[in-house]
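Reproduced below: upload_34.cif, with mmCIF, C-alpha atoms.
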data_input
#
loop_
_atom_site.group_PDB
_atom_site.id
_atom_site.type_symbol
_atom_site.label_atom_id
_atom_site.label_comp_id
_atom_site.auth_asym_id
_atom_site.auth_seq_id
_atom_site.Cartn_x
_atom_site.Cartn_y
_atom_site.Cartn_z
ATOM 1 C CA MET A 1 0.000 0.000 0.000
ATOM 2 C CA SER A 2 1.268 3.389 -0.898
ATOM 3 C CA GLU A 3 2.292 5.832 1.809
ATOM 4 C CA ASP A 4 1.128 8.760 -0.323
ATOM 5 C CA PRO A 5 -1.369 11.058 1.411
ATOM 6 C CA ALA A 6 -4.883 9.745 1.034
ATOM 7 C CA GLU A 7 -8.331 11.234 1.382
ATOM 8 C CA PRO A 8 -9.199 11.510 5.092
ATOM 9 C CA ALA A 9 -11.782 9.146 6.474
ATOM 10 C CA GLY A 10 -15.101 10.882 6.352
ATOM 11 C CA GLY A 11 -13.922 12.725 3.254
ATOM 12 C CA THR A 12 -14.693 10.093 0.635
ATOM 13 C CA ALA A 13 -18.119 9.158 1.912
ATOM 14 C CA GLU A 14 -21.086 10.058 -0.264
ATOM 15 C CA ARG A 15 -21.977 13.663 0.089
ATOM 16 C CA PRO A 16 -25.360 14.518 1.591
ATOM 17 C CA ASP A 17 -28.436 13.657 -0.377
ATOM 18 C CA GLY A 18 -32.137 13.385 0.332
ATOM 19 C CA GLU A 19 -34.833 16.019 0.458
ATOM 20 C CA ALA A 20 -33.095 18.131 3.107
ATOM 21 C CA ALA A 21 -29.874 18.273 1.102
ATOM 22 C CA GLN A 22 -31.707 19.309 -2.039
ATOM 23 C CA HIS A 23 -32.919 22.441 -0.296
ATOM 24 C CA ALA A 24 -29.613 23.310 1.395
ATOM 25 C CA ASP A 25 -27.848 26.339 -0.002
ATOM 26 C CA GLY A 26 -24.129 26.719 -0.549
ATOM 27 C CA ALA A 27 -23.496 28.465 2.762
ATOM 28 C CA THR A 28 -25.300 25.729 4.671
ATOM 29 C CA THR A 29 -23.233 23.032 2.986
ATOM 30 C CA ARG A 30 -19.993 24.979 3.384
ATOM 31 C CA LEU A 31 -20.513 25.464 7.125
ATOM 32 C CA PHE A 32 -21.111 21.756 7.570
ATOM 33 C CA GLU A 33 -18.093 20.767 5.485
ATOM 34 C CA GLU A 34 -15.864 22.988 7.618
ATOM 35 C CA HIS A 35 -16.673 20.774 10.592
ATOM 36 C CA ARG A 36 -16.975 17.388 8.861
ATOM 37 C CA GLY A 37 -13.527 16.198 9.950
ATOM 38 C CA LEU A 38 -14.208 17.080 13.594
ATOM 39 C CA LEU A 39 -17.614 15.398 13.516
ATOM 40 C CA PHE A 40 -16.142 12.220 12.060
ATOM 41 C CA SER A 41 -13.350 12.230 14.670
ATOM 42 C CA VAL A 42 -15.875 12.546 17.505
ATOM 43 C CA ALA A 43 -18.138 9.837 16.091
ATOM 44 C CA TYR A 44 -15.254 7.464 15.338
ATOM 45 C CA ARG A 45 -13.874 7.681 18.873
ATOM 46 C CA MET A 46 -17.338 7.076 20.271
ATOM 47 C CA LEU A 47 -18.271 4.220 17.944
ATOM 48 C CA GLY A 48 -14.983 2.593 16.934
ATOM 49 C CA THR A 49 -15.943 1.845 13.321
ATOM 50 C CA VAL A 50 -15.702 3.867 10.145
ATOM 51 C CA ALA A 51 -19.103 2.892 8.732
ATOM 52 C CA ASP A 52 -20.953 3.794 11.930
ATOM 53 C CA ALA A 53 -19.069 7.085 12.224
ATOM 54 C CA GLU A 54 -19.830 7.978 8.610
ATOM 55 C CA ASP A 55 -23.505 7.151 9.109
ATOM 56 C CA ALA A 56 -23.588 9.354 12.208
ATOM 57 C CA VAL A 57 -22.052 12.247 10.269
ATOM 58 C CA GLN A 58 -24.520 11.724 7.418
ATOM 59 C CA ASP A 59 -27.450 11.791 9.859
ATOM 60 C CA ALA A 60 -26.013 14.949 11.413
ATOM 61 C CA TRP A 61 -25.947 16.562 7.982
ATOM 62 C CA LEU A 62 -29.595 15.722 7.346
ATOM 63 C CA ARG A 63 -30.598 17.255 10.660
ATOM 64 C CA TRP A 64 -28.455 20.326 10.008
ATOM 65 C CA ALA A 65 -29.839 20.798 6.498
ATOM 66 C CA SER A 66 -33.454 20.644 7.695
ATOM 67 C CA ALA A 67 -32.985 22.623 10.939
ATOM 68 C CA ASP A 68 -34.107 26.167 11.637
ATOM 69 C CA ARG A 69 -30.640 27.717 11.714
ATOM 70 C CA SER A 70 -31.743 31.247 12.541
ATOM 71 C CA ASP A 71 -31.285 30.697 16.280
ATOM 72 C CA ILE A 72 -28.005 28.732 16.089
ATOM 73 C CA GLN A 73 -25.281 30.926 17.581
ATOM 74 C CA ASP A 74 -22.410 28.420 17.631
ATOM 75 C CA VAL A 75 -22.386 26.116 14.614
ATOM 76 C CA LYS A 76 -19.537 23.945 15.902
ATOM 77 C CA ALA A 77 -21.221 23.361 19.277
ATOM 78 C CA TYR A 78 -24.541 22.630 17.601
ATOM 79 C CA LEU A 79 -23.083 20.089 15.183
ATOM 80 C CA VAL A 80 -21.015 18.373 17.884
ATOM 81 C CA ARG A 81 -24.143 18.112 20.012
ATOM 82 C CA VAL A 82 -26.086 16.580 17.148
ATOM 83 C CA VAL A 83 -23.438 14.045 16.134
ATOM 84 C CA SER A 84 -22.742 13.112 19.773
ATOM 85 C CA ASN A 85 -26.359 12.246 20.422
ATOM 86 C CA ILE A 86 -26.640 10.326 17.169
ATOM 87 C CA ALA A 87 -23.475 8.395 18.069
ATOM 88 C CA LEU A 88 -24.876 7.706 21.553
ATOM 89 C CA ASP A 89 -28.004 6.166 20.075
ATOM 90 C CA ARG A 90 -25.961 4.074 17.683
ATOM 91 C CA LEU A 91 -23.591 2.950 20.426
ATOM 92 C CA ARG A 92 -26.464 1.766 22.608
ATOM 93 C CA SER A 93 -27.930 -0.286 19.759
ATOM 94 C CA ALA A 94 -24.492 -1.661 18.844
ATOM 95 C CA ARG A 95 -23.853 -3.089 22.316
ATOM 96 C CA ALA A 96 -26.046 -6.149 21.836
ATOM 97 C CA HIS A 97 -24.412 -6.913 18.500
ATOM 98 C CA ARG A 98 -20.907 -6.608 19.928
ATOM 99 C CA GLU A 99 -21.768 -8.861 22.870
ATOM 100 C CA ALA A 100 -22.699 -11.572 20.361
ATOM 101 C CA TYR A 101 -19.571 -10.965 18.266
ATOM 102 C CA VAL A 102 -17.479 -14.042 17.443
ATOM 103 C CA GLY A 103 -14.199 -13.712 19.342
ATOM 104 C CA PRO A 104 -12.680 -10.484 20.691
ATOM 105 C CA TRP A 105 -14.098 -7.265 19.242
ATOM 106 C CA LEU A 106 -11.544 -4.662 18.177
ATOM 107 C CA PRO A 107 -12.051 -1.190 16.712
ATOM 108 C CA GLU A 108 -11.670 -0.612 13.000
ATOM 109 C CA PRO A 109 -8.119 0.606 12.305
ATOM 110 C CA LEU A 110 -7.344 3.691 10.240
ATOM 111 C CA LEU A 111 -4.148 5.088 8.815
ATOM 112 C CA THR A 112 -2.739 8.200 10.448
ATOM 113 C CA SER A 113 0.062 10.522 9.457
ATOM 114 C CA PRO A 114 3.429 9.345 10.845
ATOM 115 C CA ASP A 115 3.982 12.634 12.678
ATOM 116 C CA VAL A 116 0.895 12.011 14.834
ATOM 117 C CA ALA A 117 3.025 9.679 16.937
ATOM 118 C CA GLU A 118 5.228 12.626 17.908
ATOM 119 C CA ASP A 119 2.331 14.061 19.954
ATOM 120 C CA ALA A 120 1.849 11.604 22.826
ATOM 121 C CA GLU A 121 -1.562 12.889 23.880
ATOM 122 C CA LEU A 122 -2.899 12.952 20.329
ATOM 123 C CA ALA A 123 -1.519 9.486 19.580
ATOM 124 C CA GLU A 124 -3.031 8.066 22.751
ATOM 125 C CA SER A 125 -6.419 9.661 22.087
ATOM 126 C CA VAL A 126 -6.906 7.557 18.970
ATOM 127 C CA SER A 127 -4.786 4.494 19.796
ATOM 128 C CA MET A 128 -6.316 1.072 19.305
ATOM 129 C CA ALA A 129 -5.539 0.219 22.920
ATOM 130 C CA LEU A 130 -7.470 3.225 24.234
ATOM 131 C CA LEU A 131 -10.432 2.524 21.964
ATOM 132 C CA VAL A 132 -10.538 -1.005 23.394
ATOM 133 C CA VAL A 133 -10.717 0.438 26.918
ATOM 134 C CA LEU A 134 -13.452 2.866 25.882
ATOM 135 C CA GLU A 135 -15.555 -0.140 24.892
ATOM 136 C CA THR A 136 -15.820 -1.005 28.604
ATOM 137 C CA LEU A 137 -17.426 2.348 29.490
ATOM 138 C CA SER A 138 -21.138 2.999 29.421
ATOM 139 C CA PRO A 139 -22.276 4.946 26.338
ATOM 140 C CA LEU A 140 -22.728 8.144 28.377
ATOM 141 C CA GLU A 141 -19.362 7.756 30.105
ATOM 142 C CA ARG A 142 -17.709 7.247 26.749
ATOM 143 C CA ALA A 143 -19.365 10.331 25.288
ATOM 144 C CA VAL A 144 -18.302 12.505 28.211
ATOM 145 C CA PHE A 145 -14.749 11.128 28.177
ATOM 146 C CA VAL A 146 -14.322 11.710 24.445
ATOM 147 C CA LEU A 147 -15.740 15.224 24.496
ATOM 148 C CA ARG A 148 -13.878 16.257 27.650
ATOM 149 C CA GLU A 149 -10.545 14.424 27.598
ATOM 150 C CA VAL A 150 -9.982 14.244 23.854
ATOM 151 C CA PHE A 151 -11.611 17.369 22.470
ATOM 152 C CA GLY A 152 -11.434 19.627 25.519
ATOM 153 C CA PHE A 153 -15.064 20.680 25.769
ATOM 154 C CA SER A 154 -16.107 22.156 29.117
ATOM 155 C CA TYR A 155 -18.475 20.268 31.388
ATOM 156 C CA ALA A 156 -21.068 22.977 30.792
ATOM 157 C CA GLU A 157 -20.800 22.492 27.024
ATOM 158 C CA ILE A 158 -21.016 18.706 27.363
ATOM 159 C CA ALA A 159 -24.019 18.984 29.677
ATOM 160 C CA GLU A 160 -25.817 21.078 27.082
ATOM 161 C CA ALA A 161 -24.807 18.724 24.277
ATOM 162 C CA LEU A 162 -26.036 15.609 26.090
ATOM 163 C CA ASP A 163 -29.025 17.274 27.769
ATOM 164 C CA ARG A 164 -27.761 16.353 31.234
ATOM 165 C CA SER A 165 -27.042 18.442 34.315
ATOM 166 C CA GLU A 166 -23.506 19.688 34.695
ATOM 167 C CA THR A 167 -23.239 17.849 38.025
ATOM 168 C CA SER A 168 -24.143 14.502 36.483
ATOM 169 C CA VAL A 169 -21.734 15.116 33.587
ATOM 170 C CA ARG A 170 -18.909 15.829 36.025
ATOM 171 C CA GLN A 171 -19.670 12.581 37.863
ATOM 172 C CA LEU A 172 -19.718 10.645 34.594
ATOM 173 C CA GLY A 173 -16.439 12.240 33.575
ATOM 174 C CA THR A 174 -14.757 11.410 36.872
ATOM 175 C CA ARG A 175 -15.854 7.770 36.730
ATOM 176 C CA ALA A 176 -14.791 7.428 33.111
ATOM 177 C CA ARG A 177 -11.379 9.010 33.687
ATOM 178 C CA LYS A 178 -10.635 6.792 36.704
ATOM 179 C CA HIS A 179 -11.728 3.718 34.780
ATOM 180 C CA VAL A 180 -9.539 4.573 31.793
ATOM 181 C CA GLU A 181 -6.510 5.532 33.903
ATOM 182 C CA ALA A 182 -6.733 2.225 35.777
ATOM 183 C CA ARG A 183 -6.742 0.216 32.565
ATOM 184 C CA ARG A 184 -4.791 2.397 30.187
ATOM 185 C CA PRO A 185 -2.053 4.425 31.901
ATOM 186 C CA ARG A 186 -0.777 7.339 29.878
ATOM 187 C CA PHE A 187 2.377 6.714 27.876
ATOM 188 C CA ALA A 188 5.353 6.968 30.208
ATOM 189 C CA ALA A 189 7.997 6.481 27.531
ATOM 190 C CA ASP A 190 8.401 9.050 24.792
ATOM 191 C CA GLY A 191 7.267 8.432 21.245
ATOM 192 C CA ARG A 192 10.684 7.442 19.923
ATOM 193 C CA GLU A 193 11.194 4.829 22.627
ATOM 194 C CA ARG A 194 7.743 3.354 22.011
ATOM 195 C CA ARG A 195 8.295 3.199 18.283
ATOM 196 C CA ALA A 196 11.739 1.640 18.700
ATOM 197 C CA ALA A 197 10.351 -1.049 21.017
ATOM 198 C CA THR A 198 7.471 -1.745 18.645
ATOM 199 C CA GLU A 199 9.809 -2.000 15.667
ATOM 200 C CA ARG A 200 11.980 -4.513 17.549
ATOM 201 C CA PHE A 201 8.864 -6.602 18.112
ATOM 202 C CA PHE A 202 7.854 -6.391 14.442
ATOM 203 C CA ASP A 203 11.366 -7.339 13.337
ATOM 204 C CA ALA A 204 11.270 -10.372 15.626
ATOM 205 C CA VAL A 205 7.859 -11.470 14.324
ATOM 206 C CA LEU A 206 8.971 -11.188 10.710
ATOM 207 C CA GLY A 207 12.398 -12.676 11.375
ATOM 208 C CA GLY A 208 10.997 -15.995 12.548
ATOM 209 C CA ASP A 209 13.380 -16.375 15.512
ATOM 210 C CA ILE A 210 11.207 -17.502 18.433
ATOM 211 C CA ASN A 211 13.900 -16.711 21.013
ATOM 212 C CA ARG A 212 14.303 -13.175 19.728
ATOM 213 C CA LEU A 213 10.536 -12.792 19.666
ATOM 214 C CA MET A 214 10.217 -13.967 23.269
ATOM 215 C CA GLU A 215 12.714 -11.319 24.360
ATOM 216 C CA THR A 216 10.385 -8.567 23.129
ATOM 217 C CA LEU A 217 7.330 -9.823 25.044
ATOM 218 C CA ALA A 218 6.348 -8.964 28.609
ATOM 219 C CA PRO A 219 5.617 -12.052 30.754
ATOM 220 C CA ASP A 220 1.913 -11.165 30.989
ATOM 221 C CA VAL A 221 1.483 -10.037 27.378
ATOM 222 C CA ALA A 222 -2.029 -10.412 25.933
ATOM 223 C CA LEU A 223 -2.926 -11.098 22.297
ATOM 224 C CA TRP A 224 -6.267 -9.951 20.879
ATOM 225 C CA THR A 225 -7.220 -11.292 17.442
ATOM 226 C CA ASP A 226 -10.358 -10.052 15.687
ATOM 227 C CA GLY A 227 -11.446 -12.263 12.819
ATOM 228 C CA GLY A 228 -15.161 -11.698 13.287
ATOM 229 C CA GLY A 229 -15.787 -15.392 12.697
ATOM 230 C CA LYS A 230 -14.811 -14.879 9.042
ATOM 231 C CA VAL A 231 -11.111 -15.763 9.060
ATOM 232 C CA ARG A 232 -8.762 -17.736 11.257
ATOM 233 C CA ALA A 233 -8.300 -16.068 14.629
ATOM 234 C CA ALA A 234 -8.199 -16.994 18.298
ATOM 235 C CA ARG A 235 -11.705 -17.008 19.800
ATOM 236 C CA ARG A 236 -10.392 -15.781 23.156
ATOM 237 C CA VAL A 237 -7.681 -13.406 24.297
ATOM 238 C CA ILE A 238 -4.388 -15.293 24.619
ATOM 239 C CA HIS A 239 -2.307 -14.549 27.730
ATOM 240 C CA GLY A 240 1.345 -15.172 28.548
ATOM 241 C CA ALA A 241 4.569 -14.736 26.611
ATOM 242 C CA ASP A 242 5.014 -18.408 25.767
ATOM 243 C CA LYS A 243 1.517 -18.878 24.307
ATOM 244 C CA VAL A 244 1.524 -15.542 22.507
ATOM 245 C CA GLY A 245 5.002 -16.072 21.068
ATOM 246 C CA ARG A 246 4.218 -19.511 19.749
ATOM 247 C CA TRP A 247 0.882 -18.399 18.301
ATOM 248 C CA LEU A 248 2.527 -15.512 16.456
ATOM 249 C CA ARG A 249 5.324 -17.731 15.227
ATOM 250 C CA ALA A 250 2.835 -20.278 13.875
ATOM 251 C CA VAL A 251 0.689 -17.668 12.144
ATOM 252 C CA SER A 252 3.650 -15.898 10.552
ATOM 253 C CA SER A 253 4.959 -19.113 8.999
ATOM 254 C CA SER A 254 1.751 -20.631 7.608
ATOM 255 C CA PRO A 255 -0.863 -19.657 4.992
ATOM 256 C CA PHE A 256 -3.359 -17.034 6.090
ATOM 257 C CA GLY A 257 -6.615 -16.516 4.260
ATOM 258 C CA GLY A 258 -5.375 -18.870 1.565
ATOM 259 C CA VAL A 259 -2.265 -16.763 0.951
ATOM 260 C CA GLU A 260 1.160 -18.368 1.346
ATOM 261 C CA PRO A 261 3.716 -16.397 3.388
ATOM 262 C CA ARG A 262 5.939 -16.062 0.315
ATOM 263 C CA ASP A 263 3.150 -14.084 -1.358
ATOM 264 C CA TRP A 264 2.612 -11.675 1.535
ATOM 265 C CA VAL A 265 3.507 -8.027 1.163
ATOM 266 C CA VAL A 266 4.246 -6.567 4.599
ATOM 267 C CA ARG A 267 4.253 -2.801 4.989
ATOM 268 C CA ARG A 268 5.161 -0.594 7.947
ATOM 269 C CA VAL A 269 2.416 1.973 8.392
ATOM 270 C CA SER A 270 1.123 4.388 11.010
ATOM 271 C CA VAL A 271 -2.157 3.032 12.376
ATOM 272 C CA ASN A 272 -4.212 5.017 14.871
ATOM 273 C CA GLY A 273 -1.171 7.035 15.865
ATOM 274 C CA GLU A 274 1.057 3.986 16.371
ATOM 275 C CA PRO A 275 3.439 1.884 14.271
ATOM 276 C CA GLY A 276 1.646 -0.992 12.601
ATOM 277 C CA LEU A 277 2.230 -3.915 10.289
ATOM 278 C CA LEU A 278 -0.132 -4.097 7.330
ATOM 279 C CA VAL A 279 -0.046 -7.503 5.625
ATOM 280 C CA GLU A 280 -1.437 -7.758 2.101
ATOM 281 C CA GLY A 281 -2.042 -10.504 -0.415
ATOM 282 C CA PRO A 282 -3.078 -10.449 -4.076
ATOM 283 C CA ASP A 283 -6.587 -9.306 -3.124
ATOM 284 C CA GLY A 284 -5.509 -6.579 -0.696
ATOM 285 C CA PRO A 285 -4.928 -6.305 3.062
ATOM 286 C CA PHE A 286 -5.826 -9.301 5.198
ATOM 287 C CA THR A 287 -4.494 -8.288 8.600
ATOM 288 C CA VAL A 288 -3.031 -5.368 10.515
ATOM 289 C CA VAL A 289 -1.041 -5.651 13.733
ATOM 290 C CA THR A 290 -0.309 -3.047 16.390
ATOM 291 C CA ALA A 291 1.360 -3.377 19.782
ATOM 292 C CA GLU A 292 1.396 -1.619 23.139
ATOM 293 C CA VAL A 293 4.672 -1.384 25.032
ATOM 294 C CA ASP A 294 5.568 -0.604 28.649
ATOM 295 C CA THR A 295 8.302 1.598 30.078
ATOM 296 C CA ALA A 296 10.680 -1.370 30.037
ATOM 297 C CA GLY A 297 10.353 -1.555 26.270
ATOM 298 C CA THR A 298 8.528 -4.875 26.184
ATOM 299 C CA VAL A 299 5.219 -5.577 24.471
ATOM 300 C CA THR A 300 2.264 -5.882 26.840
ATOM 301 C CA LYS A 301 -0.541 -6.133 24.305
ATOM 302 C CA VAL A 302 -0.777 -7.225 20.673
ATOM 303 C CA LEU A 303 -3.864 -6.273 18.663
ATOM 304 C CA MET A 304 -4.462 -8.086 15.389
ATOM 305 C CA VAL A 305 -7.413 -7.162 13.163
ATOM 306 C CA ALA A 306 -8.185 -9.651 10.397
ATOM 307 C CA ASN A 307 -11.943 -9.239 9.950
ATOM 308 C CA PRO A 308 -12.158 -8.233 6.266
ATOM 309 C CA ASP A 309 -15.061 -5.887 7.021
ATOM 310 C CA LYS A 310 -12.697 -3.826 9.190
ATOM 311 C CA LEU A 311 -9.925 -3.556 6.612
ATOM 312 C CA ARG A 312 -11.774 -1.735 3.847
ATOM 313 C CA ALA A 313 -10.664 1.743 4.900
ATOM 314 C CA LEU A 314 -7.045 0.551 5.028
ATOM 315 C CA ALA A 315 -7.403 -0.976 1.588
ATOM 316 C CA GLU A 316 -8.598 2.414 0.324
ATOM 317 C CA GLY A 317 -5.643 4.162 1.962
ATOM 318 C CA ARG A 318 -7.890 6.462 3.950
ATOM 319 C CA ARG A 319 -6.578 8.425 6.896
ATOM 320 C CA LEU A 320 -8.151 9.559 10.116
ATOM 321 C CA PRO A 321 -8.660 13.329 10.317
ATOM 322 C CA MET A 322 -7.136 14.399 13.633
#

Please lay out the structure from this file as structure tokens.
Amino acid sequence: MSEDPAEPAGGTAERPDGEAAQHADGATTRLFEEHRGLLFSVAYRMLGTVADAEDAVQDAWLRWASADRSDIQDVKAYLVRVVSNIALDRLRSARAHREAYVGPWLPEPLLTSPDVAEDAELAESVSMALLVVLETLSPLERAVFVLREVFGFSYAEIAEALDRSETSVRQLGTRARKHVEARRPRFAADGRERRAATERFFDAVLGGDINRLMETLAPDVALWTDGGGKVRAARRVIHGADKVGRWLRAVSSSPFGGVEPRDWVVRRVSVNGEPGLLVEGPDGPFTVVTAEVDTAGTVTKVLMVANPDKLRALAEGRRLPM
């Protein structure tokens, strides 16, 4: 896959249509387009998939195009409020589906610009590992966390957006922050150290030396593999360096999705603000791998997405607007 700049996610989706769009004037459309990237970024962090985020943005457009805009003082706040509530509704309905998902559920990965990793807070805000933790929050907690901790909205603004009291929003935010901090400590090592440790892990996986691979893994490393029941993947999270190392070694030396290892094309890419391995065959990408490292420079978590439904955006070379 080319590393050339690609159209941002949310930028190649079909532009608004329907009756409301037909009656929208140029200024109305232009105002919405100015905030499209932000709206997609909010929805993606709340929902974890590109398709759901794009649908939320599309629904936000339809509401914006048909709204009485004469009383709207702050367009950005209005649109964020609309897309947040749409995403909340979608997240609530998605919970039942994700609980019945075959194997571990992981967010849909997206390409990011390599320089995103230089900003630790920005990289963490969209990292696969953080999005996994956000899945364990309630929909309201997740909405408050994303709007407050990622996008810096005030509690008063969030309360208005979610139609909740400021007191309840503060309580939700406190619970969400404590929950996330307990399960996903902020990066202690700087970006270069994290990338170097991750690259050592990738080199070991591709090199085929099990002893070298084991040296890169923390004793309690966990491996998450999302195949969605459509391709070969572990149905449960695998724990422990020995099991994870041997599983990775076996997968990297045997056919995957009908593609022999000799026919794989492995590319180093930036995925959700982190280094990633994108593995492609004749028909396009069939897996992407990212890793989380600790301050000792060893890998504590490996996330492997192989569900073909979650690789379409990568196949298109689309990037996440930050």

Pull the closest atom pair for each residue of range 47-131 of chain A that gets at most 8 Å from range 160-181 of chain A, along with the distance in Å to one decimal, counting only C-alpha atoms, ordering rows by chain and then ascending residue number, as CSV.
residue,atom,partner,partner_atom,distance
A:Ala77,CA,A:Ala161,CA,7.7
A:Tyr78,CA,A:Ala161,CA,7.7
A:Val80,CA,A:Ala161,CA,7.4
A:Arg81,CA,A:Ala161,CA,4.4
A:Val82,CA,A:Ala161,CA,7.6
A:Ser84,CA,A:Ala161,CA,7.5
A:Asn85,CA,A:Leu162,CA,6.6
A:Leu130,CA,A:Val180,CA,8.0

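Shortest atom-to-atom contact with Val299 in chain A among A:Val231, A:Val205, A:Ala197, A:Ala182: A:Ala197, counting only C-alpha atoms.
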
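Across the structure, CA of Asp242 in chain A and CA of Val271 in chain A are spaced 26.3 Å apart.
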
### Task
Provide the CA of Leu62 in chain A to CA of Arg95 in chain A distance in Å, to one decimal place.
24.7 Å

### Task
Between CA of Ala27 in chain A and CA of Asp55 in chain A, measure the distance and give it in Å to one decimal.
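Between CA of Ala27 in chain A and CA of Asp55 in chain A the gap works out to 22.2 Å.
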
#### Entry: Hits from the PyMOL selection byres ((chain A and resi 308) around 12), listed as JSON, numbers by chain
{"A": [108, 109, 226, 227, 228, 229, 230, 231, 232, 257, 280, 283, 284, 285, 286, 287, 288, 304, 305, 306, 307, 309, 310, 311, 312, 313, 314, 315]}

### Task
Identify, on the basis of only C-alpha atoms, every residue whose closest approach to Glu34 in chain A does not exceed 12 Å; exclude the query and any residue fewer than 3 positions from it along the same chain; express the result as a VMD selection string.
chain A and resid 11 27 to 31 37 to 40 61 75 to 76 79

Could you write out that same residue set with C-alpha atoms as a PDB file, keeping the file's coordinate frame?
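Wrote it out as out_39.pdb, contents follow:
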ATOM      1  CA  GLY A  11     -13.922  12.725   3.254  1.00  0.00           C
ATOM      2  CA  ALA A  27     -23.496  28.465   2.762  1.00  0.00           C
ATOM      3  CA  THR A  28     -25.300  25.729   4.671  1.00  0.00           C
ATOM      4  CA  THR A  29     -23.233  23.032   2.986  1.00  0.00           C
ATOM      5  CA  ARG A  30     -19.993  24.979   3.384  1.00  0.00           C
ATOM      6  CA  LEU A  31     -20.513  25.464   7.125  1.00  0.00           C
ATOM      7  CA  GLY A  37     -13.527  16.198   9.950  1.00  0.00           C
ATOM      8  CA  LEU A  38     -14.208  17.080  13.594  1.00  0.00           C
ATOM      9  CA  LEU A  39     -17.614  15.398  13.516  1.00  0.00           C
ATOM     10  CA  PHE A  40     -16.142  12.220  12.060  1.00  0.00           C
ATOM     11  CA  TRP A  61     -25.947  16.562   7.982  1.00  0.00           C
ATOM     12  CA  VAL A  75     -22.386  26.116  14.614  1.00  0.00           C
ATOM     13  CA  LYS A  76     -19.537  23.945  15.902  1.00  0.00           C
ATOM     14  CA  LEU A  79     -23.083  20.089  15.183  1.00  0.00           C
TER      15      LEU A  79
END

### Message
Please expand the PyMOL selection byres ((chain A and resi 198-204) around 12) into the concrete residues it hits in this file, giving the result as an MDAnalysis selection string.
### Response
chainID A and resid 191:197 205:218 245 248:249 252 266:270 274:279 288:302

Take the residues from that selection and put them in a file with C-alpha atoms, as an mmCIF file, in the frame of the given file.
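Output file selection-v3.cif follows:
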data_model
loop_
_atom_site.group_PDB
_atom_site.id
_atom_site.type_symbol
_atom_site.label_atom_id
_atom_site.label_comp_id
_atom_site.auth_asym_id
_atom_site.auth_seq_id
_atom_site.Cartn_x
_atom_site.Cartn_y
_atom_site.Cartn_z
ATOM 1 C CA GLY A 191 7.267 8.432 21.245
ATOM 2 C CA ARG A 192 10.684 7.442 19.923
ATOM 3 C CA GLU A 193 11.194 4.829 22.627
ATOM 4 C CA ARG A 194 7.743 3.354 22.011
ATOM 5 C CA ARG A 195 8.295 3.199 18.283
ATOM 6 C CA ALA A 196 11.739 1.640 18.700
ATOM 7 C CA ALA A 197 10.351 -1.049 21.017
ATOM 8 C CA VAL A 205 7.859 -11.470 14.324
ATOM 9 C CA LEU A 206 8.971 -11.188 10.710
ATOM 10 C CA GLY A 207 12.398 -12.676 11.375
ATOM 11 C CA GLY A 208 10.997 -15.995 12.548
ATOM 12 C CA ASP A 209 13.380 -16.375 15.512
ATOM 13 C CA ILE A 210 11.207 -17.502 18.433
ATOM 14 C CA ASN A 211 13.900 -16.711 21.013
ATOM 15 C CA ARG A 212 14.303 -13.175 19.728
ATOM 16 C CA LEU A 213 10.536 -12.792 19.666
ATOM 17 C CA MET A 214 10.217 -13.967 23.269
ATOM 18 C CA GLU A 215 12.714 -11.319 24.360
ATOM 19 C CA THR A 216 10.385 -8.567 23.129
ATOM 20 C CA LEU A 217 7.330 -9.823 25.044
ATOM 21 C CA ALA A 218 6.348 -8.964 28.609
ATOM 22 C CA GLY A 245 5.002 -16.072 21.068
ATOM 23 C CA LEU A 248 2.527 -15.512 16.456
ATOM 24 C CA ARG A 249 5.324 -17.731 15.227
ATOM 25 C CA SER A 252 3.650 -15.898 10.552
ATOM 26 C CA VAL A 266 4.246 -6.567 4.599
ATOM 27 C CA ARG A 267 4.253 -2.801 4.989
ATOM 28 C CA ARG A 268 5.161 -0.594 7.947
ATOM 29 C CA VAL A 269 2.416 1.973 8.392
ATOM 30 C CA SER A 270 1.123 4.388 11.010
ATOM 31 C CA GLU A 274 1.057 3.986 16.371
ATOM 32 C CA PRO A 275 3.439 1.884 14.271
ATOM 33 C CA GLY A 276 1.646 -0.992 12.601
ATOM 34 C CA LEU A 277 2.230 -3.915 10.289
ATOM 35 C CA LEU A 278 -0.132 -4.097 7.330
ATOM 36 C CA VAL A 279 -0.046 -7.503 5.625
ATOM 37 C CA VAL A 288 -3.031 -5.368 10.515
ATOM 38 C CA VAL A 289 -1.041 -5.651 13.733
ATOM 39 C CA THR A 290 -0.309 -3.047 16.390
ATOM 40 C CA ALA A 291 1.360 -3.377 19.782
ATOM 41 C CA GLU A 292 1.396 -1.619 23.139
ATOM 42 C CA VAL A 293 4.672 -1.384 25.032
ATOM 43 C CA ASP A 294 5.568 -0.604 28.649
ATOM 44 C CA THR A 295 8.302 1.598 30.078
ATOM 45 C CA ALA A 296 10.680 -1.370 30.037
ATOM 46 C CA GLY A 297 10.353 -1.555 26.270
ATOM 47 C CA THR A 298 8.528 -4.875 26.184
ATOM 48 C CA VAL A 299 5.219 -5.577 24.471
ATOM 49 C CA THR A 300 2.264 -5.882 26.840
ATOM 50 C CA LYS A 301 -0.541 -6.133 24.305
ATOM 51 C CA VAL A 302 -0.777 -7.225 20.673
#
